[in-house]
>>> print(open('structure.pdb').read())   # PDB, C-alpha atoms
ATOM      1  CA  MET A   4     -11.447  -0.205   7.607  1.00  0.00           C
ATOM      2  CA  THR A   5     -10.587  -3.776   8.530  1.00  0.00           C
ATOM      3  CA  LYS A   6     -10.294  -6.876   6.384  1.00  0.00           C
ATOM      4  CA  SER A   7     -13.866  -7.886   7.236  1.00  0.00           C
ATOM      5  CA  ASP A   8     -15.152  -4.394   6.318  1.00  0.00           C
ATOM      6  CA  LEU A   9     -13.346  -4.704   2.997  1.00  0.00           C
ATOM      7  CA  ILE A  10     -14.892  -8.128   2.376  1.00  0.00           C
ATOM      8  CA  ALA A  11     -18.346  -6.746   3.212  1.00  0.00           C
ATOM      9  CA  ARG A  12     -17.920  -3.821   0.800  1.00  0.00           C
ATOM     10  CA  LEU A  13     -16.815  -6.100  -2.019  1.00  0.00           C
ATOM     11  CA  ALA A  14     -19.683  -8.493  -1.338  1.00  0.00           C
ATOM     12  CA  ALA A  15     -22.114  -5.556  -1.505  1.00  0.00           C
ATOM     13  CA  ARG A  16     -20.705  -4.445  -4.854  1.00  0.00           C
ATOM     14  CA  TYR A  17     -20.991  -7.892  -6.401  1.00  0.00           C
ATOM     15  CA  PRO A  18     -24.479  -9.092  -5.502  1.00  0.00           C
ATOM     16  CA  GLN A  19     -24.221 -11.873  -8.102  1.00  0.00           C
ATOM     17  CA  LEU A  20     -21.475 -13.529  -6.043  1.00  0.00           C
ATOM     18  CA  VAL A  21     -22.036 -15.468  -2.865  1.00  0.00           C
ATOM     19  CA  ALA A  22     -20.595 -13.803   0.228  1.00  0.00           C
ATOM     20  CA  LYS A  23     -17.942 -16.422   0.703  1.00  0.00           C
ATOM     21  CA  ASP A  24     -16.521 -15.653  -2.746  1.00  0.00           C
ATOM     22  CA  ALA A  25     -15.681 -12.098  -1.660  1.00  0.00           C
ATOM     23  CA  ASP A  26     -14.137 -13.516   1.477  1.00  0.00           C
ATOM     24  CA  PHE A  27     -12.084 -16.049  -0.459  1.00  0.00           C
ATOM     25  CA  ALA A  28     -11.100 -13.456  -3.084  1.00  0.00           C
ATOM     26  CA  VAL A  29      -9.712 -11.053  -0.470  1.00  0.00           C
ATOM     27  CA  LYS A  30      -7.799 -13.852   1.229  1.00  0.00           C
ATOM     28  CA  THR A  31      -6.448 -15.094  -2.096  1.00  0.00           C
ATOM     29  CA  ILE A  32      -5.222 -11.615  -3.059  1.00  0.00           C
ATOM     30  CA  LEU A  33      -3.579 -10.971   0.314  1.00  0.00           C
ATOM     31  CA  ASP A  34      -1.974 -14.429   0.440  1.00  0.00           C
ATOM     32  CA  ALA A  35      -0.568 -13.987  -3.058  1.00  0.00           C
ATOM     33  CA  MET A  36       0.820 -10.580  -2.123  1.00  0.00           C
ATOM     34  CA  GLY A  37       2.395 -11.911   1.073  1.00  0.00           C
ATOM     35  CA  GLU A  38       3.906 -14.931  -0.661  1.00  0.00           C
ATOM     36  CA  SER A  39       5.334 -12.749  -3.419  1.00  0.00           C
ATOM     37  CA  LEU A  40       7.088 -10.496  -0.943  1.00  0.00           C
ATOM     38  CA  ALA A  41       8.337 -13.488   1.025  1.00  0.00           C
ATOM     39  CA  ARG A  42       9.922 -14.786  -2.198  1.00  0.00           C
ATOM     40  CA  GLY A  43      11.497 -11.403  -2.821  1.00  0.00           C
ATOM     41  CA  GLN A  44       9.165 -10.676  -5.715  1.00  0.00           C
ATOM     42  CA  ARG A  45       8.041  -7.064  -6.123  1.00  0.00           C
ATOM     43  CA  ILE A  46       4.382  -6.068  -6.365  1.00  0.00           C
ATOM     44  CA  GLU A  47       3.364  -3.228  -8.668  1.00  0.00           C
ATOM     45  CA  ILE A  48      -0.228  -2.042  -8.733  1.00  0.00           C
ATOM     46  CA  ARG A  49      -0.600   0.929 -11.045  1.00  0.00           C
ATOM     47  CA  GLY A  50      -2.424   3.816  -9.398  1.00  0.00           C
ATOM     48  CA  PHE A  51      -2.087   2.219  -5.980  1.00  0.00           C
ATOM     49  CA  GLY A  52       1.591   1.677  -5.286  1.00  0.00           C
ATOM     50  CA  SER A  53       4.420  -0.802  -5.158  1.00  0.00           C
ATOM     51  CA  PHE A  54       5.720  -3.171  -2.521  1.00  0.00           C
ATOM     52  CA  GLY A  55       9.272  -4.411  -2.310  1.00  0.00           C
ATOM     53  CA  LEU A  56      11.912  -5.380   0.183  1.00  0.00           C
ATOM     54  CA  ASN A  57      14.508  -3.105   1.688  1.00  0.00           C
ATOM     55  CA  TYR A  58      17.817  -4.589   2.758  1.00  0.00           C
ATOM     56  CA  ARG A  59      19.185  -3.797   6.215  1.00  0.00           C
ATOM     57  CA  PRO A  60      22.878  -4.732   6.487  1.00  0.00           C
ATOM     58  CA  PRO A  61      24.211  -6.490   9.603  1.00  0.00           C
ATOM     59  CA  ARG A  62      25.257  -4.124  12.360  1.00  0.00           C
ATOM     60  CA  VAL A  63      26.499  -4.104  15.891  1.00  0.00           C
ATOM     61  CA  GLY A  64      23.750  -2.943  18.176  1.00  0.00           C
ATOM     62  CA  ARG A  65      23.589  -2.502  21.878  1.00  0.00           C
ATOM     63  CA  ASN A  66      21.303  -3.905  24.483  1.00  0.00           C
ATOM     64  CA  PRO A  67      19.854  -0.654  25.812  1.00  0.00           C
ATOM     65  CA  LYS A  68      19.554  -2.070  29.325  1.00  0.00           C
ATOM     66  CA  SER A  69      22.963  -3.635  29.845  1.00  0.00           C
ATOM     67  CA  GLY A  70      24.936  -1.649  27.265  1.00  0.00           C
ATOM     68  CA  GLU A  71      26.247  -4.965  26.002  1.00  0.00           C
ATOM     69  CA  LYS A  72      27.173  -5.191  22.301  1.00  0.00           C
ATOM     70  CA  VAL A  73      24.997  -7.521  20.276  1.00  0.00           C
ATOM     71  CA  HIS A  74      25.323  -8.596  16.669  1.00  0.00           C
ATOM     72  CA  VAL A  75      22.224  -7.718  14.669  1.00  0.00           C
ATOM     73  CA  PRO A  76      22.092  -9.888  11.531  1.00  0.00           C
ATOM     74  CA  GLU A  77      21.213  -8.545   8.090  1.00  0.00           C
ATOM     75  CA  LYS A  78      17.573  -8.572   7.202  1.00  0.00           C
ATOM     76  CA  HIS A  79      15.000  -7.658   4.589  1.00  0.00           C
ATOM     77  CA  VAL A  80      11.957  -5.594   5.507  1.00  0.00           C
ATOM     78  CA  PRO A  81       8.793  -5.038   3.461  1.00  0.00           C
ATOM     79  CA  HIS A  82       8.393  -1.547   2.040  1.00  0.00           C
ATOM     80  CA  PHE A  83       5.497   0.265   0.358  1.00  0.00           C
ATOM     81  CA  LYS A  84       5.595   3.306  -1.884  1.00  0.00           C
ATOM     82  CA  ALA A  85       2.262   4.900  -2.690  1.00  0.00           C
ATOM     83  CA  GLY A  86       1.520   5.410  -6.378  1.00  0.00           C
ATOM     84  CA  LYS A  87       0.650   8.759  -7.900  1.00  0.00           C
ATOM     85  CA  GLU A  88      -3.126   8.371  -7.936  1.00  0.00           C
ATOM     86  CA  LEU A  89      -3.239   7.263  -4.299  1.00  0.00           C
ATOM     87  CA  ARG A  90      -0.869  10.048  -3.220  1.00  0.00           C
ATOM     88  CA  ASP A  91      -2.827  12.684  -5.106  1.00  0.00           C
ATOM     89  CA  ARG A  92      -6.241  11.554  -3.905  1.00  0.00           C
ATOM     90  CA  VAL A  93      -5.206  11.347  -0.257  1.00  0.00           C
ATOM     91  CA  ASP A  94      -3.532  14.730  -0.423  1.00  0.00           C
ATOM     92  CA  ALA A  95      -6.337  16.379  -2.422  1.00  0.00           C
ATOM     93  CA  LYS A  96      -8.725  15.556   0.397  1.00  0.00           C
ATOM     94  CA  LEU A  97      -6.509  17.383   2.875  1.00  0.00           C
ATOM     95  CA  ASN A  98      -6.326  20.423   0.587  1.00  0.00           C
ATOM     96  CA  GLU A  99     -10.080  20.292   0.061  1.00  0.00           C
ATOM     97  CA  GLU A 100     -10.646  20.339   3.819  1.00  0.00           C
ATOM     98  CA  GLU A 101      -8.278  23.277   4.258  1.00  0.00           C
ATOM     99  CA  ASN A 102      -9.723  25.191   1.318  1.00  0.00           C
ATOM    100  CA  ALA A 103     -13.211  24.652   2.653  1.00  0.00           C
ATOM    101  CA  LYS A 104     -12.120  26.015   6.005  1.00  0.00           C
ATOM    102  CA  ALA A 105     -10.500  29.041   4.372  1.00  0.00           C
ATOM    103  CA  ALA A 106     -13.402  29.615   1.985  1.00  0.00           C
ATOM    104  CA  SER A 107     -16.045  29.447   4.685  1.00  0.00           C
ATOM    105  CA  THR A 108     -14.350  32.276   6.547  1.00  0.00           C
ATOM    106  CA  THR A 109     -14.033  34.552   3.501  1.00  0.00           C
ATOM    107  CA  ARG A 110     -16.833  33.958   1.061  1.00  0.00           C
ATOM    108  CA  GLY A 111     -19.781  31.733   0.296  1.00  0.00           C
ATOM    109  CA  PRO A 112     -19.733  28.158  -0.938  1.00  0.00           C
ATOM    110  CA  VAL A 113     -16.981  27.270  -3.350  1.00  0.00           C
ATOM    111  CA  VAL A 114     -17.432  24.605  -5.948  1.00  0.00           C
ATOM    112  CA  ALA A 115     -14.458  22.271  -5.796  1.00  0.00           C
ATOM    113  CA  ALA A 116     -12.709  21.855  -9.121  1.00  0.00           C
ATOM    114  CA  ALA A 117     -13.838  18.538 -10.491  1.00  0.00           C
ATOM    115  CA  GLY A 118     -11.110  16.294 -11.868  1.00  0.00           C
ATOM    116  CA  GLY A 119     -11.613  15.350 -15.497  1.00  0.00           C
TER     117      GLY A 119
ATOM    118  CA  MET B   2      -2.418   0.340 -25.998  1.00  0.00           C
ATOM    119  CA  GLU B   3       1.264  -0.447 -25.946  1.00  0.00           C
ATOM    120  CA  GLN B   4       2.804  -1.302 -22.633  1.00  0.00           C
ATOM    121  CA  PRO B   5       6.364  -2.334 -21.991  1.00  0.00           C
ATOM    122  CA  THR B   6       6.458  -5.747 -20.305  1.00  0.00           C
ATOM    123  CA  HIS B   7       9.051  -4.860 -17.723  1.00  0.00           C
ATOM    124  CA  ASP B   8      10.247  -7.513 -15.285  1.00  0.00           C
ATOM    125  CA  ALA B   9       7.007  -9.400 -15.778  1.00  0.00           C
ATOM    126  CA  ALA B  10       8.557 -12.571 -14.395  1.00  0.00           C
ATOM    127  CA  ASN B  11       9.633 -10.975 -11.161  1.00  0.00           C
ATOM    128  CA  THR B  12       6.745  -8.648 -10.462  1.00  0.00           C
ATOM    129  CA  LEU B  13       3.252  -9.378  -9.211  1.00  0.00           C
ATOM    130  CA  THR B  14       0.663  -7.198 -10.948  1.00  0.00           C
ATOM    131  CA  LYS B  15      -3.107  -6.884 -11.189  1.00  0.00           C
ATOM    132  CA  ALA B  16      -3.099  -9.273 -14.152  1.00  0.00           C
ATOM    133  CA  GLU B  17      -1.573 -12.108 -12.096  1.00  0.00           C
ATOM    134  CA  LEU B  18      -3.948 -11.444  -9.203  1.00  0.00           C
ATOM    135  CA  ALA B  19      -6.914 -11.611 -11.589  1.00  0.00           C
ATOM    136  CA  ASP B  20      -5.613 -14.924 -12.974  1.00  0.00           C
ATOM    137  CA  LEU B  21      -5.497 -16.295  -9.426  1.00  0.00           C
ATOM    138  CA  LEU B  22      -9.106 -15.279  -8.747  1.00  0.00           C
ATOM    139  CA  PHE B  23     -10.082 -16.977 -11.981  1.00  0.00           C
ATOM    140  CA  GLU B  24      -8.224 -20.180 -11.102  1.00  0.00           C
ATOM    141  CA  LYS B  25      -8.784 -20.420  -7.361  1.00  0.00           C
ATOM    142  CA  VAL B  26     -12.066 -18.632  -6.669  1.00  0.00           C
ATOM    143  CA  GLY B  27     -13.750 -19.548  -9.928  1.00  0.00           C
ATOM    144  CA  LEU B  28     -14.756 -16.023 -10.930  1.00  0.00           C
ATOM    145  CA  ASN B  29     -14.989 -15.479 -14.657  1.00  0.00           C
ATOM    146  CA  LYS B  30     -12.203 -13.440 -16.259  1.00  0.00           C
ATOM    147  CA  ARG B  31     -14.175 -10.205 -16.258  1.00  0.00           C
ATOM    148  CA  GLU B  32     -15.333 -10.566 -12.656  1.00  0.00           C
ATOM    149  CA  ALA B  33     -11.799 -11.449 -11.600  1.00  0.00           C
ATOM    150  CA  LYS B  34     -10.365  -8.336 -13.239  1.00  0.00           C
ATOM    151  CA  ASP B  35     -13.113  -6.138 -11.741  1.00  0.00           C
ATOM    152  CA  MET B  36     -12.696  -7.650  -8.304  1.00  0.00           C
ATOM    153  CA  VAL B  37      -8.954  -6.912  -8.237  1.00  0.00           C
ATOM    154  CA  GLU B  38      -9.603  -3.348  -9.368  1.00  0.00           C
ATOM    155  CA  THR B  39     -12.341  -2.899  -6.756  1.00  0.00           C
ATOM    156  CA  PHE B  40     -10.167  -4.389  -4.012  1.00  0.00           C
ATOM    157  CA  PHE B  41      -7.564  -1.640  -4.486  1.00  0.00           C
ATOM    158  CA  GLU B  42     -10.193   1.016  -5.155  1.00  0.00           C
ATOM    159  CA  GLU B  43     -11.920   0.319  -1.818  1.00  0.00           C
ATOM    160  CA  ILE B  44      -8.589   0.712  -0.018  1.00  0.00           C
ATOM    161  CA  ARG B  45      -7.884   3.964  -1.892  1.00  0.00           C
ATOM    162  CA  THR B  46     -11.350   5.306  -1.099  1.00  0.00           C
ATOM    163  CA  SER B  47     -10.983   4.529   2.588  1.00  0.00           C
ATOM    164  CA  LEU B  48      -7.590   6.267   2.733  1.00  0.00           C
ATOM    165  CA  GLU B  49      -8.903   9.168   0.677  1.00  0.00           C
ATOM    166  CA  ASN B  50     -11.636   9.605   3.284  1.00  0.00           C
ATOM    167  CA  GLY B  51      -9.041   9.792   6.013  1.00  0.00           C
ATOM    168  CA  GLN B  52      -9.651   6.295   7.339  1.00  0.00           C
ATOM    169  CA  SER B  53      -6.746   3.900   7.874  1.00  0.00           C
ATOM    170  CA  VAL B  54      -6.917   0.331   6.561  1.00  0.00           C
ATOM    171  CA  LYS B  55      -5.979  -2.658   8.711  1.00  0.00           C
ATOM    172  CA  LEU B  56      -5.522  -5.966   6.945  1.00  0.00           C
ATOM    173  CA  SER B  57      -4.682  -8.520   9.598  1.00  0.00           C
ATOM    174  CA  GLY B  58      -1.888 -10.873   8.614  1.00  0.00           C
ATOM    175  CA  PHE B  59      -0.680  -8.443   5.963  1.00  0.00           C
ATOM    176  CA  GLY B  60      -0.274  -4.954   7.340  1.00  0.00           C
ATOM    177  CA  ASN B  61      -1.768  -1.542   8.048  1.00  0.00           C
ATOM    178  CA  PHE B  62      -2.061   1.481   5.794  1.00  0.00           C
ATOM    179  CA  GLN B  63      -2.042   4.630   7.857  1.00  0.00           C
ATOM    180  CA  LEU B  64      -2.227   8.345   7.196  1.00  0.00           C
ATOM    181  CA  ARG B  65       0.158  10.997   8.403  1.00  0.00           C
ATOM    182  CA  ASP B  66      -0.424  14.716   8.222  1.00  0.00           C
ATOM    183  CA  LYS B  67       2.824  16.528   7.637  1.00  0.00           C
ATOM    184  CA  PRO B  68       3.085  20.223   8.409  1.00  0.00           C
ATOM    185  CA  GLN B  69       4.596  22.686   5.976  1.00  0.00           C
ATOM    186  CA  ARG B  70       8.385  22.762   6.221  1.00  0.00           C
ATOM    187  CA  PRO B  71      11.111  24.809   4.596  1.00  0.00           C
ATOM    188  CA  GLY B  72      12.647  23.314   1.489  1.00  0.00           C
ATOM    189  CA  ARG B  73      15.055  24.277  -1.229  1.00  0.00           C
ATOM    190  CA  ASN B  74      15.266  23.858  -4.948  1.00  0.00           C
ATOM    191  CA  PRO B  75      18.394  21.681  -5.114  1.00  0.00           C
ATOM    192  CA  LYS B  76      19.354  23.142  -8.501  1.00  0.00           C
ATOM    193  CA  THR B  77      19.018  26.833  -7.827  1.00  0.00           C
ATOM    194  CA  GLY B  78      19.333  26.830  -4.041  1.00  0.00           C
ATOM    195  CA  GLU B  79      16.184  28.930  -3.921  1.00  0.00           C
ATOM    196  CA  GLU B  80      14.126  28.544  -0.752  1.00  0.00           C
ATOM    197  CA  ILE B  81      10.602  27.293  -1.331  1.00  0.00           C
ATOM    198  CA  PRO B  82       8.275  25.961   1.338  1.00  0.00           C
ATOM    199  CA  ILE B  83       7.187  22.314   1.078  1.00  0.00           C
ATOM    200  CA  THR B  84       3.460  22.573   1.617  1.00  0.00           C
ATOM    201  CA  ALA B  85       1.548  20.689   4.286  1.00  0.00           C
ATOM    202  CA  ARG B  86       0.468  17.284   3.018  1.00  0.00           C
ATOM    203  CA  ARG B  87      -1.179  14.032   3.954  1.00  0.00           C
ATOM    204  CA  VAL B  88       0.760  10.880   3.114  1.00  0.00           C
ATOM    205  CA  VAL B  89       0.114   7.135   3.262  1.00  0.00           C
ATOM    206  CA  THR B  90       2.440   4.874   5.231  1.00  0.00           C
ATOM    207  CA  PHE B  91       2.431   1.079   5.310  1.00  0.00           C
ATOM    208  CA  HIS B  92       3.430  -1.034   8.297  1.00  0.00           C
ATOM    209  CA  ALA B  93       3.907  -4.710   7.561  1.00  0.00           C
ATOM    210  CA  SER B  94       2.327  -7.068  10.073  1.00  0.00           C
ATOM    211  CA  GLN B  95       4.489  -9.289  12.245  1.00  0.00           C
ATOM    212  CA  LYS B  96       3.307 -12.258  10.188  1.00  0.00           C
ATOM    213  CA  LEU B  97       4.440 -10.698   6.898  1.00  0.00           C
ATOM    214  CA  LYS B  98       7.796  -9.706   8.398  1.00  0.00           C
ATOM    215  CA  SER B  99       8.321 -13.249   9.687  1.00  0.00           C
ATOM    216  CA  MET B 100       7.431 -14.713   6.296  1.00  0.00           C
ATOM    217  CA  VAL B 101      10.078 -12.517   4.680  1.00  0.00           C
ATOM    218  CA  GLU B 102      12.615 -13.380   7.380  1.00  0.00           C
ATOM    219  CA  ALA B 103      11.915 -17.100   7.096  1.00  0.00           C
ATOM    220  CA  HIS B 104      12.907 -16.873   3.462  1.00  0.00           C
ATOM    221  CA  TYR B 105      15.893 -14.561   3.771  1.00  0.00           C
ATOM    222  CA  GLY B 106      17.012 -15.184   7.322  1.00  0.00           C
ATOM    223  CA  GLY B 107      18.846 -18.407   6.471  1.00  0.00           C
ATOM    224  CA  GLY B 108      21.163 -19.562   9.222  1.00  0.00           C
ATOM    225  CA  THR B 109      21.679 -16.093  10.596  1.00  0.00           C
ATOM    226  CA  ALA B 110      18.174 -15.662  11.984  1.00  0.00           C
ATOM    227  CA  ASP B 111      17.951 -15.684  15.737  1.00  0.00           C
ATOM    228  CA  ALA B 112      16.063 -18.559  17.314  1.00  0.00           C
TER     229      ALA B 112
END
>>> encode(input="structure.pdb", output="structure tokens")
Amino acid sequence: MTKSDLIARLAARYPQLVAKDADFAVKTILDAMGESLARGQRIEIRGFGSFGLNYRPPRVGRNPKSGEKVHVPEKHVPHFKAGKELRDRVDAKLNEEENAKAASTTRGPVVAAAGG
Amino acid sequence: MEQPTHDAANTLTKAELADLLFEKVGLNKREAKDMVETFFEEIRTSLENGQSVKLSGFGNFQLRDKPQRPGRNPKTGEEIPITARRVVTFHASQKLKSMVEAHYGGGTADA
């Protein structure tokens, strides 16, 4: 799914809005998230995950071609940790696929346990 | 519902995003809240269905299937297999990385 697919899906779910509102909403959310991270501000979305920055200390690296030592300055890199709901849903699908495979070889159709 | 207001000043949450949609896009408060929820729900649904999500200028959410591997209960030392699982990984776009570097790089950033 790309950004334009996401915009199209949101636009379809909110027929009362004009299409450009969905477009602007997605851009506004992503800009705000990017700017927050750039400022060093964490992002926490319950059920989805959290974004933060990881610190990489300065180190002496090597140019792999020449073998020459180069100073690599410290830096901060964006990091995402999936939240519980996202982790569980993504993983449940994998288990469902595997169970379906296993079930189809042993017995008839199996009703997947529905989450409450 | 009681919720601890932890680090509210230094954390972006769904509430702040909804406020932005209210202020900038002109959605009403309810629409703004729904839209933020739906935004993340659509991404979750796509990932749940095994489809990666590519948000240009921000980053990509991808899926990795990890095979079962041997593990250990760190307390008891007992060997228990870590089951096969599918996990989500995020790769920040070059633009997002540069935005972070521009802020933190200071004088040490390479030209």
>>> residues_around(input="structure.pdb", residues="B:Arg31", least_positions_apart="5", cutoff="10 Å", atoms="all atoms listed in the file", output="CSV table (one decimal) with C-alpha atoms, in the coordinates of the input")
chain,number,residue,atom,x,y,z
B,19,ALA,CA,-6.9,-11.6,-11.6
B,23,PHE,CA,-10.1,-17.0,-12.0
B,36,MET,CA,-12.7,-7.6,-8.3
>>> closest_residue(input="structure.pdb", among="A:Met4, A:Val63, A:Ala103, A:Ala95", to="chain B", atoms="only C-alpha atoms")
A:Met4
>>> interface_residues(input="structure.pdb", of="chain A", to="chain B", cutoff="8 Å", atoms="all atoms listed in the file", output="MDAnalysis selection string")
chainID A and resid 4:6 9 12:13 24 27:29 31:33 35:48 51 76:85 89:90 92:94 96:98
>>> atom_distance(input="structure.pdb", atom1="atom CA of A:Lys30", atom2="atom CA of A:Ile10")
9.2 Å
>>> atom_distance(input="structure.pdb", atom1="atom CA of B:Lys30", atom2="atom CA of A:Gln19")
14.6 Å
>>> atom_distance(input="structure.pdb", atom1="atom CA of A:Pro18", atom2="atom CA of B:Glu24")
20.5 Å
>>> axis_aligned_box(input="structure.pdb", around="stretch 76-89 of chain A", padding_each_side="3 Å", output="lines of an AutoDock Vina configuration file")
center_x = 9.4
center_y = -0.6
center_z = 1.8
size_x = 31.3
size_y = 24.6
size_z = 25.5
>>> closest_residue(input="structure.pdb", among="A:Ala25, A:Ala11, A:Ala106, A:Arg59", to="A:Val75", atoms="all atoms listed in the file")
A:Arg59
>>> build_atoms(input="structure.pdb", residues="stretch 53-61 of chain B", atoms="all heavy atoms", output="compact mmCIF listing (two decimals), in the coordinates of the input")
# COMPACT_ATOMS: atom_id res chain seq x y z
N SER B 53 -7.83 4.86 8.08
CA SER B 53 -6.75 3.90 7.87
C SER B 53 -7.32 2.52 7.54
O SER B 53 -8.49 2.26 7.76
CB SER B 53 -5.85 3.83 9.10
OG SER B 53 -6.60 3.38 10.20
N VAL B 54 -6.47 1.66 6.99
CA VAL B 54 -6.92 0.33 6.56
C VAL B 54 -6.06 -0.72 7.26
O VAL B 54 -4.83 -0.66 7.18
CB VAL B 54 -6.80 0.19 5.03
CG1 VAL B 54 -7.17 -1.21 4.58
CG2 VAL B 54 -7.67 1.22 4.33
N LYS B 55 -6.71 -1.64 7.96
CA LYS B 55 -5.98 -2.66 8.71
C LYS B 55 -6.30 -4.04 8.16
O LYS B 55 -7.43 -4.50 8.31
CB LYS B 55 -6.36 -2.60 10.19
CG LYS B 55 -6.02 -1.27 10.81
CD LYS B 55 -6.38 -1.22 12.27
CE LYS B 55 -5.95 0.15 12.81
NZ LYS B 55 -5.72 0.12 14.24
N LEU B 56 -5.32 -4.65 7.53
CA LEU B 56 -5.52 -5.97 6.94
C LEU B 56 -4.72 -6.97 7.76
O LEU B 56 -3.50 -7.09 7.58
CB LEU B 56 -5.09 -5.95 5.48
CG LEU B 56 -5.82 -4.88 4.64
CD1 LEU B 56 -5.22 -4.78 3.25
CD2 LEU B 56 -7.31 -5.16 4.56
N SER B 57 -5.40 -7.66 8.67
CA SER B 57 -4.68 -8.52 9.60
C SER B 57 -3.94 -9.61 8.84
O SER B 57 -4.44 -10.15 7.85
CB SER B 57 -5.64 -9.12 10.63
OG SER B 57 -6.45 -10.08 10.01
N GLY B 58 -2.73 -9.88 9.27
CA GLY B 58 -1.89 -10.87 8.61
C GLY B 58 -1.07 -10.28 7.49
O GLY B 58 -0.11 -10.89 7.02
N PHE B 59 -1.43 -9.08 7.05
CA PHE B 59 -0.68 -8.44 5.96
C PHE B 59 -0.01 -7.15 6.45
O PHE B 59 1.21 -7.05 6.48
CB PHE B 59 -1.60 -8.18 4.77
CG PHE B 59 -0.86 -7.66 3.56
CD1 PHE B 59 -0.07 -8.51 2.80
CD2 PHE B 59 -0.93 -6.32 3.21
CE1 PHE B 59 0.64 -8.02 1.70
CE2 PHE B 59 -0.23 -5.84 2.12
CZ PHE B 59 0.55 -6.70 1.37
N GLY B 60 -0.84 -6.19 6.83
CA GLY B 60 -0.27 -4.95 7.34
C GLY B 60 -1.30 -3.84 7.41
O GLY B 60 -2.46 -4.05 7.04
N ASN B 61 -0.87 -2.69 7.90
CA ASN B 61 -1.77 -1.54 8.05
C ASN B 61 -1.32 -0.39 7.16
O ASN B 61 -0.14 -0.10 7.05
CB ASN B 61 -1.75 -1.03 9.49
CG ASN B 61 -2.27 -2.07 10.47
OD1 ASN B 61 -2.90 -3.05 10.07
ND2 ASN B 61 -1.98 -1.87 11.74
